[in-house]
Structures are given as C-alpha cells and as structure tokens.
file my_file_11.cif (mmCIF, C-alpha atoms and all ligand atoms)
data_query
#
loop_
_atom_site.label_atom_id
_atom_site.label_comp_id
_atom_site.auth_asym_id
_atom_site.auth_seq_id
_atom_site.Cartn_x
_atom_site.Cartn_y
_atom_site.Cartn_z
CA MET A 1 26.07 14.71 -8.24
CA LYS A 2 26.72 11.13 -9.28
CA CYS A 3 23.90 9.17 -10.90
CA ILE A 4 23.21 6.23 -13.20
CA LYS A 5 21.75 6.76 -16.66
CA LEU A 6 20.13 4.35 -19.08
CA LYS A 7 22.29 4.57 -22.18
CA GLY A 8 20.94 1.77 -24.39
CA VAL A 9 19.89 -1.89 -24.40
CA ASN A 10 21.21 -3.54 -21.19
CA ASP A 11 23.49 -0.57 -20.60
CA LEU A 12 23.54 1.63 -17.51
CA GLN A 13 26.40 4.03 -16.94
CA ILE A 14 27.63 6.37 -14.24
CA ALA A 15 27.13 10.04 -15.09
CA THR A 16 27.36 13.41 -13.39
CA ILE A 17 24.41 15.79 -13.39
CA LYS A 18 23.32 18.88 -11.49
CA LYS A 19 21.82 18.25 -8.08
CA PRO A 20 18.04 18.82 -8.20
CA VAL A 21 16.62 21.98 -6.61
CA SER A 22 13.18 22.37 -5.06
CA LYS A 23 10.57 23.14 -7.75
CA ASP A 24 6.91 23.96 -7.01
CA GLY A 25 7.59 23.21 -3.36
CA SER A 26 9.08 19.75 -3.96
CA VAL A 27 11.14 18.03 -1.26
CA ILE A 28 14.82 17.35 -1.98
CA ILE A 29 15.99 14.04 -0.56
CA ARG A 30 19.50 12.68 -0.13
CA VAL A 31 19.01 9.06 -1.24
CA LYS A 32 20.04 6.50 1.37
CA ALA A 33 18.59 3.43 -0.35
CA CYS A 34 16.87 2.62 -3.63
CA SER A 35 15.81 -0.86 -4.66
CA ILE A 36 15.78 -2.32 -8.16
CA CYS A 37 12.29 -3.17 -9.44
CA GLY A 38 11.19 -5.73 -12.06
CA SER A 39 9.75 -2.79 -14.04
CA ASP A 40 13.20 -1.17 -14.14
CA LEU A 41 14.43 -4.38 -15.80
CA HIS A 42 11.89 -3.90 -18.62
CA TYR A 43 13.35 -0.43 -19.35
CA PHE A 44 16.88 -1.86 -19.13
CA GLU A 45 16.09 -4.57 -21.68
CA LEU A 46 14.29 -2.11 -23.95
CA GLY A 47 17.08 0.47 -23.67
CA GLU A 48 14.51 3.28 -23.73
CA PRO A 49 14.00 6.06 -22.92
CA LYS A 50 17.68 6.93 -23.17
CA GLU A 51 19.12 9.11 -20.38
CA LEU A 52 16.43 7.89 -17.95
CA ILE A 53 17.59 7.89 -14.32
CA LEU A 54 15.76 4.95 -12.79
CA GLY A 55 14.79 4.33 -9.17
CA HIS A 56 11.23 4.74 -7.87
CA GLU A 57 11.59 2.66 -4.67
CA PHE A 58 13.58 5.05 -2.53
CA SER A 59 14.21 6.29 0.99
CA GLY A 60 16.45 9.00 2.31
CA ILE A 61 17.00 12.15 4.33
CA VAL A 62 15.35 15.52 3.73
CA VAL A 63 17.87 18.17 2.69
CA ASP A 64 15.27 20.73 1.60
CA PRO A 65 11.69 20.35 2.92
CA GLY A 66 10.24 22.51 0.12
CA ASP A 67 6.72 23.63 1.04
CA ARG A 68 6.21 20.91 3.67
CA LEU A 69 5.98 22.87 6.92
CA ASP A 70 5.86 19.64 8.96
CA LEU A 71 9.22 18.43 7.60
CA LYS A 72 12.70 19.57 8.57
CA ILE A 73 16.22 18.93 7.29
CA GLY A 74 17.37 15.50 8.47
CA ASP A 75 13.93 13.86 8.58
CA ARG A 76 13.83 10.26 7.33
CA VAL A 77 11.39 9.82 4.44
CA THR A 78 10.17 7.71 1.56
CA GLY A 79 7.54 8.64 -1.00
CA LEU A 80 5.05 7.69 -3.68
CA PRO A 81 6.87 8.33 -6.98
CA ILE A 82 3.67 9.32 -8.82
CA SER A 83 2.24 12.73 -9.75
CA PRO A 84 -1.60 12.58 -9.62
CA CYS A 85 -3.51 15.67 -10.82
CA LEU A 86 -5.88 15.55 -7.80
CA LYS A 87 -8.67 17.03 -10.00
CA CYS A 88 -9.89 14.17 -12.21
CA GLU A 89 -12.57 11.61 -11.34
CA ALA A 90 -9.94 8.94 -10.51
CA CYS A 91 -8.14 11.27 -8.10
CA LYS A 92 -11.35 12.52 -6.49
CA THR A 93 -12.40 8.94 -5.74
CA GLY A 94 -9.03 8.09 -4.17
CA ASN A 95 -7.71 6.17 -7.18
CA ILE A 96 -4.65 8.34 -7.80
CA ASN A 97 -2.93 5.24 -9.18
CA TYR A 98 -4.87 5.39 -12.44
CA CYS A 99 -5.00 9.16 -12.83
CA SER A 100 -3.66 9.69 -16.35
CA ASN A 101 -1.28 12.32 -15.00
CA SER A 102 0.28 10.05 -12.39
CA TRP A 103 2.97 8.60 -14.61
CA ASN A 104 3.86 11.68 -16.71
CA ASP A 105 6.29 13.08 -14.20
CA ALA A 106 6.90 10.03 -11.97
CA VAL A 107 10.15 9.89 -9.98
CA GLY A 108 12.53 7.42 -11.64
CA LEU A 109 10.06 6.56 -14.40
CA SER A 110 10.10 9.76 -16.48
CA LEU A 111 12.75 11.92 -18.12
CA THR A 112 11.42 14.96 -16.25
CA ASN A 113 11.97 13.58 -12.76
CA SER A 114 15.16 11.67 -12.05
CA GLY A 115 15.04 8.68 -9.70
CA GLY A 116 16.88 7.17 -6.79
CA LEU A 117 19.88 5.82 -8.70
CA ALA A 118 21.47 9.14 -7.81
CA GLU A 119 22.75 10.93 -4.75
CA PHE A 120 19.70 13.22 -4.53
CA LEU A 121 16.16 13.30 -5.89
CA SER A 122 13.20 15.67 -5.93
CA CYS A 123 9.78 14.33 -4.87
CA ARG A 124 6.43 16.09 -5.01
CA SER A 125 5.91 17.33 -1.48
CA ASP A 126 2.45 15.83 -0.97
CA MET A 127 3.77 12.40 -1.95
CA VAL A 128 6.53 12.35 0.70
CA LYS A 129 5.91 10.13 3.74
CA LYS A 130 7.86 10.15 7.01
CA ILE A 131 9.44 6.82 7.96
CA PRO A 132 8.54 5.58 11.45
CA ASP A 133 11.59 5.53 13.79
CA LYS A 134 11.89 1.73 13.93
CA VAL A 135 11.77 1.25 10.15
CA THR A 136 15.19 1.22 8.47
CA PHE A 137 15.97 2.94 5.15
CA LEU A 138 16.32 -0.51 3.57
CA GLU A 139 12.90 -1.62 4.80
CA ALA A 140 11.38 1.68 3.73
CA THR A 141 12.41 1.10 0.08
CA MET A 142 10.25 -2.02 0.19
CA THR A 143 7.11 0.02 0.92
CA GLU A 144 6.57 0.85 -2.75
CA PRO A 145 6.75 -2.68 -4.25
CA SER A 146 4.87 -4.16 -1.28
CA SER A 147 2.09 -1.64 -1.86
CA VAL A 148 1.79 -2.91 -5.45
CA SER A 149 1.24 -6.42 -4.06
CA LEU A 150 -1.24 -5.20 -1.45
CA HIS A 151 -3.25 -3.43 -4.16
CA ALA A 152 -3.32 -6.59 -6.30
CA ILE A 153 -4.49 -8.68 -3.34
CA ASN A 154 -7.12 -6.10 -2.38
CA LEU A 155 -8.46 -6.29 -5.96
CA ALA A 156 -8.44 -10.11 -5.83
CA ASP A 157 -10.77 -9.92 -2.82
CA ILE A 158 -9.43 -13.11 -1.27
CA LYS A 159 -11.86 -14.96 1.01
CA ILE A 160 -10.86 -17.15 3.96
CA GLY A 161 -10.09 -20.61 2.56
CA ASP A 162 -9.36 -19.48 -1.01
CA LYS A 163 -6.80 -21.36 -3.06
CA VAL A 164 -4.42 -18.82 -4.56
CA LEU A 165 -1.82 -19.17 -7.30
CA ILE A 166 1.01 -16.67 -7.53
CA ILE A 167 2.77 -16.65 -10.90
CA GLY A 168 6.29 -15.21 -10.61
CA GLY A 169 8.35 -15.21 -7.43
CA GLY A 170 9.96 -11.79 -7.61
CA ILE A 171 9.15 -9.31 -4.86
CA ILE A 172 5.70 -8.51 -6.29
CA GLY A 173 4.70 -12.18 -6.25
CA LEU A 174 6.24 -12.94 -2.86
CA MET A 175 4.66 -9.96 -1.13
CA ALA A 176 1.35 -10.92 -2.80
CA ALA A 177 1.78 -14.34 -1.14
CA GLU A 178 2.34 -12.58 2.21
CA PHE A 179 -0.89 -10.58 1.86
CA ALA A 180 -2.87 -13.57 0.51
CA LYS A 181 -1.86 -15.47 3.64
CA LEU A 182 -2.83 -12.51 5.88
CA ASN A 183 -6.23 -12.49 4.15
CA GLY A 184 -6.85 -16.16 5.00
CA ALA A 185 -5.91 -18.09 1.86
CA SER A 186 -5.76 -21.79 2.79
CA TYR A 187 -3.38 -22.86 0.04
CA ILE A 188 -0.86 -20.70 -1.81
CA ALA A 189 1.05 -22.10 -4.78
CA LEU A 190 3.90 -20.39 -6.59
CA ALA A 191 4.68 -21.06 -10.25
CA GLU A 192 8.23 -20.01 -11.20
CA THR A 193 10.60 -20.62 -14.08
CA ASN A 194 13.58 -19.84 -11.83
CA LEU A 195 13.72 -22.70 -9.33
CA LYS A 196 16.50 -21.09 -7.29
CA ARG A 197 14.15 -18.26 -6.43
CA ALA A 198 11.16 -20.57 -5.95
CA LYS A 199 13.01 -22.82 -3.48
CA LYS A 200 14.08 -19.80 -1.48
CA ALA A 201 10.48 -18.53 -1.43
CA LEU A 202 9.27 -21.84 -0.07
CA LYS A 203 11.58 -21.46 2.94
CA TYR A 204 9.92 -18.19 3.95
CA GLY A 205 6.75 -20.10 4.79
CA LYS A 206 4.04 -18.10 3.01
CA VAL A 207 3.98 -20.35 -0.06
CA ASN A 208 2.71 -23.93 0.47
CA GLN A 209 4.03 -25.49 -2.72
CA ILE A 210 6.16 -24.52 -5.71
CA PHE A 211 5.68 -25.56 -9.34
CA ASP A 212 8.25 -25.46 -12.12
CA ALA A 213 6.69 -23.15 -14.71
CA SER A 214 9.15 -24.20 -17.38
CA LYS A 215 7.69 -27.74 -17.49
CA PRO A 216 5.04 -28.61 -20.13
CA ASP A 217 2.84 -30.39 -17.56
CA LEU A 218 2.52 -27.28 -15.36
CA ILE A 219 -1.19 -26.64 -16.03
CA GLU A 220 -2.11 -30.30 -15.67
CA LYS A 221 -0.39 -30.41 -12.25
CA LEU A 222 -2.00 -27.17 -11.07
CA LEU A 223 -5.50 -28.28 -12.09
CA LYS A 224 -5.05 -31.70 -10.50
CA LYS A 225 -3.86 -30.15 -7.24
CA THR A 226 -6.90 -27.85 -7.03
CA ASN A 227 -9.57 -30.17 -8.49
CA GLY A 228 -10.13 -27.90 -11.47
CA GLY A 229 -8.54 -24.54 -10.76
CA PHE A 230 -7.60 -21.81 -8.32
CA ASP A 231 -10.09 -19.34 -6.84
CA LYS A 232 -7.66 -16.47 -7.39
CA VAL A 233 -4.56 -16.13 -9.57
CA ILE A 234 -2.12 -13.23 -9.24
CA GLU A 235 0.04 -12.83 -12.35
CA CYS A 236 3.33 -11.17 -11.36
CA CYS A 237 5.61 -11.66 -14.40
CA GLY A 238 4.23 -9.68 -17.31
CA ASN A 239 4.75 -12.03 -20.26
CA LYS A 240 2.44 -14.01 -22.53
CA TYR A 241 3.38 -17.38 -21.00
CA ALA A 242 2.50 -16.23 -17.52
CA VAL A 243 -0.83 -14.68 -18.59
CA SER A 244 -1.71 -17.93 -20.39
CA GLU A 245 -0.78 -19.90 -17.26
CA ALA A 246 -3.13 -17.66 -15.28
CA ILE A 247 -6.10 -18.17 -17.63
CA MET A 248 -5.56 -21.91 -17.90
CA SER A 249 -5.17 -22.53 -14.16
CA VAL A 250 -7.95 -20.36 -12.70
CA LYS A 251 -11.25 -22.08 -11.93
CA SER A 252 -14.43 -21.27 -13.87
CA GLY A 253 -15.77 -18.00 -12.52
CA GLY A 254 -12.43 -17.33 -10.81
CA THR A 255 -10.48 -14.09 -10.66
CA ILE A 256 -7.12 -13.20 -12.21
CA VAL A 257 -5.28 -10.06 -11.20
CA LEU A 258 -2.72 -8.90 -13.74
CA ALA A 259 0.05 -7.19 -11.80
CA GLY A 260 2.91 -8.05 -14.16
CA ILE A 261 3.49 -5.57 -16.96
CA SER A 262 4.31 -6.43 -20.56
CA LEU A 263 5.29 -3.42 -22.64
CA ALA A 264 4.32 -5.37 -25.80
CA ASN A 265 0.81 -6.56 -26.77
CA ILE A 266 0.46 -10.28 -26.09
CA ASP A 267 -1.64 -13.24 -27.27
CA VAL A 268 -3.88 -14.88 -24.68
CA PRO A 269 -6.05 -18.06 -24.75
CA MET A 270 -9.25 -16.08 -25.40
CA VAL A 271 -11.62 -19.02 -25.73
CA ALA A 272 -10.61 -20.45 -22.35
CA ALA A 273 -11.08 -17.03 -20.73
CA ILE A 274 -14.57 -16.74 -22.21
CA MET A 275 -15.70 -20.30 -21.56
CA LYS A 276 -14.65 -20.03 -17.91
CA GLU A 277 -16.12 -16.51 -17.51
CA VAL A 278 -12.83 -15.44 -15.98
CA LYS A 279 -12.71 -12.11 -14.19
CA LEU A 280 -9.58 -10.40 -15.47
CA LEU A 281 -8.52 -7.35 -13.47
CA GLY A 282 -5.64 -5.00 -14.23
CA ALA A 283 -3.73 -3.66 -11.24
CA ILE A 284 -1.63 -0.52 -11.34
CA ALA A 285 0.37 0.68 -8.37
CA TYR A 286 -1.53 1.47 -5.16
CA THR A 287 -3.60 4.11 -3.47
CA GLU A 288 -2.09 6.53 -0.96
CA LYS A 289 -3.88 4.65 1.81
CA GLU A 290 -2.39 1.31 0.71
CA PHE A 291 1.10 2.87 0.74
CA GLU A 292 0.53 4.18 4.27
CA THR A 293 -0.92 0.81 5.35
CA VAL A 294 2.21 -1.02 4.21
CA LEU A 295 4.51 1.42 6.03
CA ASN A 296 2.44 0.83 9.16
CA LEU A 297 2.51 -2.98 8.73
CA ILE A 298 6.32 -2.87 8.46
CA ASP A 299 6.51 -0.65 11.54
CA LYS A 300 4.28 -3.03 13.54
CA ASN A 301 6.29 -6.10 12.40
CA ILE A 302 3.16 -7.58 10.82
CA ILE A 303 5.11 -8.05 7.60
CA ASP A 304 8.86 -8.67 7.47
CA VAL A 305 10.21 -7.22 4.24
CA SER A 306 13.90 -7.28 5.23
CA LYS A 307 14.28 -11.00 4.49
CA TYR A 308 13.78 -10.34 0.78
CA ILE A 309 16.77 -7.97 0.59
CA ASP A 310 19.66 -10.11 -0.61
CA ALA A 311 22.32 -7.56 -1.51
CA LYS A 312 23.32 -3.97 -0.88
CA ILE A 313 25.49 -2.37 -3.54
CA ASN A 314 26.90 1.02 -4.54
CA LEU A 315 26.31 2.91 -7.80
CA GLU A 316 29.39 1.36 -9.44
CA LYS A 317 27.84 -2.13 -9.17
CA VAL A 318 24.41 -1.25 -10.57
CA ASN A 319 24.98 -2.29 -14.20
CA ASP A 320 26.27 -5.72 -13.08
CA ALA A 321 23.32 -6.14 -10.71
CA TYR A 322 20.83 -5.47 -13.53
CA HIS A 323 22.57 -8.08 -15.68
CA GLU A 324 22.36 -10.56 -12.82
CA LEU A 325 18.64 -9.89 -12.34
CA ILE A 326 17.71 -10.31 -16.02
CA SER A 327 19.64 -13.60 -16.24
CA GLY A 328 16.62 -15.44 -14.83
CA GLU A 329 19.01 -17.58 -12.83
CA THR A 330 19.79 -15.60 -9.72
CA ASP A 331 18.36 -16.58 -6.35
CA LYS A 332 18.49 -12.93 -5.27
CA ILE A 333 15.08 -11.34 -4.90
CA LYS A 334 15.78 -7.72 -4.04
CA ILE A 335 18.98 -5.78 -4.61
CA VAL A 336 19.16 -2.40 -2.93
CA VAL A 337 21.45 0.37 -4.10
CA LYS A 338 23.00 2.72 -1.56
CA PRO A 339 24.13 5.77 -3.54
N1 LIG B 1 1.20 -3.29 -11.88
C1 LIG B 1 2.09 -2.52 -11.27
O1 LIG B 1 1.79 -1.43 -10.80
C2 LIG B 1 3.49 -3.00 -11.13
C3 LIG B 1 4.38 -2.41 -10.23
C4 LIG B 1 5.66 -2.95 -10.08
C5 LIG B 1 6.05 -4.01 -10.87
N2 LIG B 1 5.15 -4.52 -11.78
C6 LIG B 1 5.49 -5.63 -12.65
O2 LIG B 1 5.35 -6.83 -11.92
C7 LIG B 1 6.21 -7.82 -12.48
C8 LIG B 1 7.00 -8.45 -11.35
O3 LIG B 1 7.86 -7.51 -10.73
P1 LIG B 1 9.09 -8.05 -9.85
O4 LIG B 1 9.82 -6.87 -9.33
O5 LIG B 1 8.61 -9.05 -8.88
O6 LIG B 1 9.93 -8.72 -11.05
P2 LIG B 1 10.98 -9.87 -11.15
O7 LIG B 1 11.54 -9.78 -12.51
O8 LIG B 1 11.92 -9.81 -9.99
O9 LIG B 1 10.12 -11.21 -10.98
C9 LIG B 1 9.44 -11.85 -12.02
C10 LIG B 1 9.59 -13.35 -11.84
O10 LIG B 1 8.76 -14.03 -12.77
C11 LIG B 1 9.42 -15.22 -13.16
N3 LIG B 1 8.83 -15.69 -14.43
C12 LIG B 1 9.05 -15.24 -15.68
N4 LIG B 1 8.27 -15.88 -16.56
C13 LIG B 1 7.53 -16.76 -15.87
C14 LIG B 1 6.51 -17.68 -16.21
N5 LIG B 1 6.11 -17.83 -17.48
N6 LIG B 1 5.93 -18.39 -15.22
C15 LIG B 1 6.32 -18.24 -13.94
N7 LIG B 1 7.29 -17.39 -13.55
C16 LIG B 1 7.88 -16.64 -14.49
C17 LIG B 1 10.88 -14.83 -13.25
O11 LIG B 1 11.73 -15.95 -13.13
C18 LIG B 1 11.01 -13.86 -12.06
O12 LIG B 1 11.48 -14.52 -10.88
C19 LIG B 1 7.05 -7.09 -13.53
O13 LIG B 1 6.46 -7.30 -14.81
C20 LIG B 1 6.91 -5.64 -13.16
O14 LIG B 1 7.03 -4.77 -14.27
C21 LIG B 1 3.91 -4.04 -11.90
ZN ZN B 2 8.61 -0.84 -8.65
ZN ZN B 3 -6.06 12.82 -11.50
#

call {"tool": "encode", "arguments": {"input": "my_file_11.cif", "output": "structure tokens"}}
result
Amino acid sequence: MKCIKLKGVNDLQIATIKKPVSKDGSVIIRVKACSICGSDLHYFELGEPKELILGHEFSGIVVDPGDRLDLKIGDRVTGLPISPCLKCEACKTGNINYCSNSWNDAVGLSLTNSGGLAEFLSCRSDMVKKIPDKVTFLEATMTEPSSVSLHAINLADIKIGDKVLIIGGGIIGLMAAEFAKLNGASYIALAETNLKRAKKALKYGKVNQIFDASKPDLIEKLLKKTNGGFDKVIECCGNKYAVSEAIMSVKSGGTIVLAGISLANIDVPMVAAIMKEVKLLGAIAYTEKEFETVLNLIDKNIIDVSKYIDAKINLEKVNDAYHELISGETDKIKIVVKP
C-alpha cells in the first residue's frame, strides 16, 4: 500500500509498504481521512524518528473487524490512537491518557504502529469507536484534537464569568476557546503570532479579542485588559515564549494549563510563577469518556468542527502541506489528507 514516511528534517516521502494485518485482534481500517496535527509538525521539524508513518487523527472504513464482534466490514469508525495497559493505577482510575504504556505503540506516533498517512492502518480493537451516521469522515478526524482541547478545559475548571486567555490559535487553541465558551467564560482572548490565523479565528465568534503575540507590549496589553491577569490561561503552542506569556499574563492564584508540547527543555520565568502562586497543570491527550463526549457533541451539532477544515489533499501533496503549516504564515487551520 501507499504511505508517507518521515525521511529526515522537513522531509516526508511517498513509500510502499505491506498492508497491515490484524494482530492480537486489532481492527484494520481503510483510511478515508487523516488530519495533520501540530504535534506531527514537531516530528517533521526534528526529522526523527526516521521511517515514522504519521497520522493519529484518522477515520475510515473497517476492512477487518479483528476481535470486535460488534463491528462488521464497511462500518465507519475512528479511534483513540493510544495503547493503555489497562492494569496500572492510571488506567484503573480512568486516566488512560497518562498510562506509561499509552504512547509506546500509539498509532501514527510510534515506529511499531503506522498511522493514517497511508491507505490502511491497524488500531487496537478496544480503542476503535463507531462514527454516528450524521458525522462525516472529515468531522470524525477532528474528534481526536478536539478531545485534547476538551481535556485541557476540563483541567482548567472554568467557572461561569471567568476570563480566559488562549495562547496559540491552531486547532487545539481554537477548540479550547469553543469549550471555554460552552463552560461560561465571559471573555476569551487569543494571543497569536500569526495574525492571518488570529483574524480568521475572530470571525468564528468564540474568541472576543485577538492580541499580536509578536509585539513586545503583549503582556502589558493583556494585564491592562484584565485588570491584572486572566483567571485561566490555556497554552497551546509548546514553546518557551508561549509558556512565559502564560505565566506573565495569568492572575495571582490563577491556573495555567500546558497543552502545547515542547520536545526540548525550556526556561520559564520561575520567580513570577512562584510570587503569583500559579497553578501549572500539564495536559496530555484525553480520557476515553472525553473522546466519546466530543464525538457525541459533533453528532448533536453542539460543536461545529467542520469550519476549521481548510483543505483536503491527497498523499502526493502532504510534504508541501507540512511545509505550509510550519511557515507560521498560513491562514489554514486544519489540513486533512484523504489517502
Ligand atoms: N497535550 C497534548 O496531548 C497535545 C495533543 C495534541 C497537540 N498538542 C500540542 O499542542 C500544540 C498546538 O497544536 P496545534 O495542532 O493547534 O498546532 P499549530 O502548530 O497548528 O498551532 C500552534 C499555533 O501557535 C502559534 N504560536 C507560536 N508561538 C506563539 C507564541 N509565542 N504566542 C502565541 N502564539 C504562538 C502559531 O502561530 C500557531 O498558529 C502543539 O505544541 C502540539 O504538539 C498537545
Ligand atoms: Zn494530534
Ligand atoms: Zn496503564
């Protein structure tokens, strides 16, 4: 089958590999759609691990139901890409997202389990979820990233009337804005370095105001607007500038949720974090329930994820699309690949 492999720094190439077969009861899915994630861009820029077949936000059609007796060939599905052990304390308390096993064999994030930038993929059978009839394959690919945002907002514990700052207007930030609004935030600001994206986000109506994060007076403006800081800040970029922005713009005693991922260690304004007694929470992925909740919210039209999909491309265009997304200048938010 045709697939896309990571070959080096900023280099993805078409390759041919064997079609996956069901292993330990796994479900084999013909990929109909797979969206490109901000995390995939980190791997692309790092160029490692070589030969990785990315794509953990997928939807498709069952071609082999594996050990899932309730599934048949032709069923429309998506899935959690993770592989929790189901035995550890994290798993037993429903927190499969931080089970240490979850990422070892993750679909599209490990060398042992190829992802959705391919014609077929294999997903652990208990992680496969049926797509409701009304939800399209394109919308279904948005379940995974939207669940990341839902988890971050659940951790932030937003109260009605809270002032919330979202840092980074990619899909994680914009869906976090959607959920912050659903939870009753009274004012939602977005700080972005890419104004093309920020202006587009403003049009969607969940964000009240945008701030240019590349300007030196950013923190001053944010503090002035909120009389001393935001109740909750959701960091959705994963770089040292964004984490600093979060610490400097949260109010004393406020909460920061770190959803963005930096693969490198970063410096942070430690004294400010201590003097303000900031609550700094890491957020990784989502629980199974959060994933199911998002699928249900899409089905019930409570969230509209389709507006964030700006382009549909084939495998041949993937390398160019990654280059466009890392440029920091595109107004596109989500690009979905249809292998
Ligand atoms: N915690 C998790 O489980 C999880 C899951 C998925 C993605 N992520 C991470 O979340 C982050 C966002 O993902 P995405 O898909 O939305 O990515 P993205 O790359 O599409 O969006 C990030 C945005 O941040 C903006 N930005 C960069 N530096 C900034 C700064 N200093 N201030 C303000 N804005 C800035 C960029 O212009 C970009 O629009 C990534 O780091 C990704 O790895 C985390
Ligand atoms: Zn993702
Ligand atoms: Zn576990």

call {"tool": "residues_around", "arguments": {"input": "my_file_11.cif", "residues": "range 95-101 of chain A", "least_positions_apart": "4", "cutoff": "6 Å", "atoms": "all atoms listed in the file", "output": "short mmCIF file (atom, residue, chain, number, x, y, z; two decimals) with C-alpha atoms, in the frame of the given file"}}
result
data_model
loop_
_atom_site.label_atom_id
_atom_site.label_comp_id
_atom_site.auth_asym_id
_atom_site.auth_seq_id
_atom_site.Cartn_x
_atom_site.Cartn_y
_atom_site.Cartn_z
CA PRO A 84 -1.60 12.58 -9.62
CA CYS A 85 -3.51 15.67 -10.82
CA ALA A 90 -9.94 8.94 -10.51
CA CYS A 91 -8.14 11.27 -8.10
CA ALA A 285 0.37 0.68 -8.37
CA TYR A 286 -1.53 1.47 -5.16
CA THR A 287 -3.60 4.11 -3.47
#

call {"tool": "closest_residue", "arguments": {"input": "my_file_11.cif", "among": "A:Ala259, A:Ile153, A:Ile28, A:Ala15", "to": "ligand ZN 2 (chain B)", "atoms": "all atoms listed in the file"}}
result
A:Ala259

call {"tool": "residues_near_point", "arguments": {"input": "my_file_11.cif", "point": "(9.5, 18.8, 0.4)", "cutoff": "12 Å", "atoms": "only C-alpha atoms", "output": "VMD selection string"}}
result
chain A and resid 21 to 30 61 to 79 121 to 130

call {"tool": "residues_around", "arguments": {"input": "my_file_11.cif", "residues": "range 155-171 of chain A", "least_positions_apart": "6", "cutoff": "7 Å", "atoms": "only C-alpha atoms", "output": "list in words"}}
result
Ala177, Ala180, Asn183, Gly184, Ala185, Ser186, Tyr187, Ile188, Ala189, Leu190, Ala191, Glu192, Arg197, Ala198, Phe230, Asp231, Lys232, Val233, Ile234, Glu235, Cys236, Cys237, Ala242, Thr255, Val257, Ile333 and Lys334 of chain A

call {"tool": "axis_aligned_box", "arguments": {"input": "my_file_11.cif", "around": "ligand LIG 1 (chain B)", "padding_each_side": "8 Å", "output": "AutoDock Vina command-line options"}}
result
--center_x 6.6 --center_y -9.9 --center_z -13.2 --size_x 26.7 --size_y 33.0 --size_z 24.6

call {"tool": "closest_atom_pairs", "arguments": {"input": "my_file_11.cif", "of": "range 13-68 of chain A", "to": "range 109-117 of chain A", "cutoff": "10 Å", "atoms": "only C-alpha atoms", "output": "JSON lines"}}
result
{"residue": "A:Ile14", "atom": "CA", "partner": "A:Leu117", "partner_atom": "CA", "distance": 9.5}
{"residue": "A:Pro20", "atom": "CA", "partner": "A:Ser114", "partner_atom": "CA", "distance": 8.6}
{"residue": "A:Ile29", "atom": "CA", "partner": "A:Gly116", "partner_atom": "CA", "distance": 9.3}
{"residue": "A:Arg30", "atom": "CA", "partner": "A:Gly116", "partner_atom": "CA", "distance": 9.0}
{"residue": "A:Val31", "atom": "CA", "partner": "A:Gly116", "partner_atom": "CA", "distance": 6.2}
{"residue": "A:Lys32", "atom": "CA", "partner": "A:Gly116", "partner_atom": "CA", "distance": 8.8}
{"residue": "A:Ala33", "atom": "CA", "partner": "A:Gly116", "partner_atom": "CA", "distance": 7.6}
{"residue": "A:Cys34", "atom": "CA", "partner": "A:Gly116", "partner_atom": "CA", "distance": 5.5}
{"residue": "A:Ser35", "atom": "CA", "partner": "A:Gly116", "partner_atom": "CA", "distance": 8.4}
{"residue": "A:Ile36", "atom": "CA", "partner": "A:Leu117", "partner_atom": "CA", "distance": 9.1}
{"residue": "A:Ser39", "atom": "CA", "partner": "A:Leu109", "partner_atom": "CA", "distance": 9.4}
{"residue": "A:Asp40", "atom": "CA", "partner": "A:Leu109", "partner_atom": "CA", "distance": 8.3}
{"residue": "A:Tyr43", "atom": "CA", "partner": "A:Leu109", "partner_atom": "CA", "distance": 9.2}
{"residue": "A:Pro49", "atom": "CA", "partner": "A:Leu111", "partner_atom": "CA", "distance": 7.7}
{"residue": "A:Lys50", "atom": "CA", "partner": "A:Leu111", "partner_atom": "CA", "distance": 8.6}
{"residue": "A:Glu51", "atom": "CA", "partner": "A:Leu111", "partner_atom": "CA", "distance": 7.3}
{"residue": "A:Leu52", "atom": "CA", "partner": "A:Leu111", "partner_atom": "CA", "distance": 5.5}
{"residue": "A:Ile53", "atom": "CA", "partner": "A:Ser114", "partner_atom": "CA", "distance": 5.0}
{"residue": "A:Leu54", "atom": "CA", "partner": "A:Gly115", "partner_atom": "CA", "distance": 4.9}
{"residue": "A:Gly55", "atom": "CA", "partner": "A:Gly116", "partner_atom": "CA", "distance": 4.3}
{"residue": "A:His56", "atom": "CA", "partner": "A:Gly115", "partner_atom": "CA", "distance": 5.8}
{"residue": "A:Glu57", "atom": "CA", "partner": "A:Gly116", "partner_atom": "CA", "distance": 7.3}
{"residue": "A:Phe58", "atom": "CA", "partner": "A:Gly116", "partner_atom": "CA", "distance": 5.8}
{"residue": "A:Ser59", "atom": "CA", "partner": "A:Gly116", "partner_atom": "CA", "distance": 8.3}
{"residue": "A:Gly60", "atom": "CA", "partner": "A:Gly116", "partner_atom": "CA", "distance": 9.3}

call {"tool": "build_atoms", "arguments": {"input": "my_file_11.cif", "residues": "range 305-316 of chain A", "atoms": "N, CA and C atoms", "output": "short mmCIF file (atom, residue, chain, number, x, y, z; two decimals), in the coordinates of the input"}}
result
data_model
loop_
_atom_site.label_atom_id
_atom_site.label_comp_id
_atom_site.auth_asym_id
_atom_site.auth_seq_id
_atom_site.Cartn_x
_atom_site.Cartn_y
_atom_site.Cartn_z
N VAL A 305 9.74 -7.40 5.62
CA VAL A 305 10.21 -7.22 4.24
C VAL A 305 11.73 -7.39 4.14
N SER A 306 12.42 -7.30 5.28
CA SER A 306 13.90 -7.28 5.23
C SER A 306 14.47 -8.60 4.71
N LYS A 307 13.74 -9.70 4.92
CA LYS A 307 14.28 -11.00 4.49
C LYS A 307 14.41 -11.12 2.97
N TYR A 308 13.71 -10.27 2.25
CA TYR A 308 13.78 -10.34 0.78
C TYR A 308 14.95 -9.53 0.20
N ILE A 309 15.63 -8.77 1.08
CA ILE A 309 16.77 -7.97 0.59
C ILE A 309 18.02 -8.84 0.64
N ASP A 310 18.55 -9.16 -0.53
CA ASP A 310 19.66 -10.11 -0.61
C ASP A 310 21.01 -9.45 -0.83
N ALA A 311 21.02 -8.21 -1.27
CA ALA A 311 22.32 -7.56 -1.51
C ALA A 311 22.17 -6.06 -1.42
N LYS A 312 23.24 -5.44 -0.93
CA LYS A 312 23.32 -3.97 -0.88
C LYS A 312 24.55 -3.58 -1.69
N ILE A 313 24.37 -2.70 -2.65
CA ILE A 313 25.49 -2.37 -3.54
C ILE A 313 25.62 -0.86 -3.68
N ASN A 314 26.76 -0.41 -4.25
CA ASN A 314 26.90 1.02 -4.54
C ASN A 314 26.63 1.29 -6.02
N LEU A 315 26.67 2.55 -6.41
CA LEU A 315 26.31 2.91 -7.80
C LEU A 315 27.20 2.20 -8.83
N GLU A 316 28.46 1.99 -8.49
CA GLU A 316 29.39 1.36 -9.44
C GLU A 316 28.96 -0.06 -9.82
#
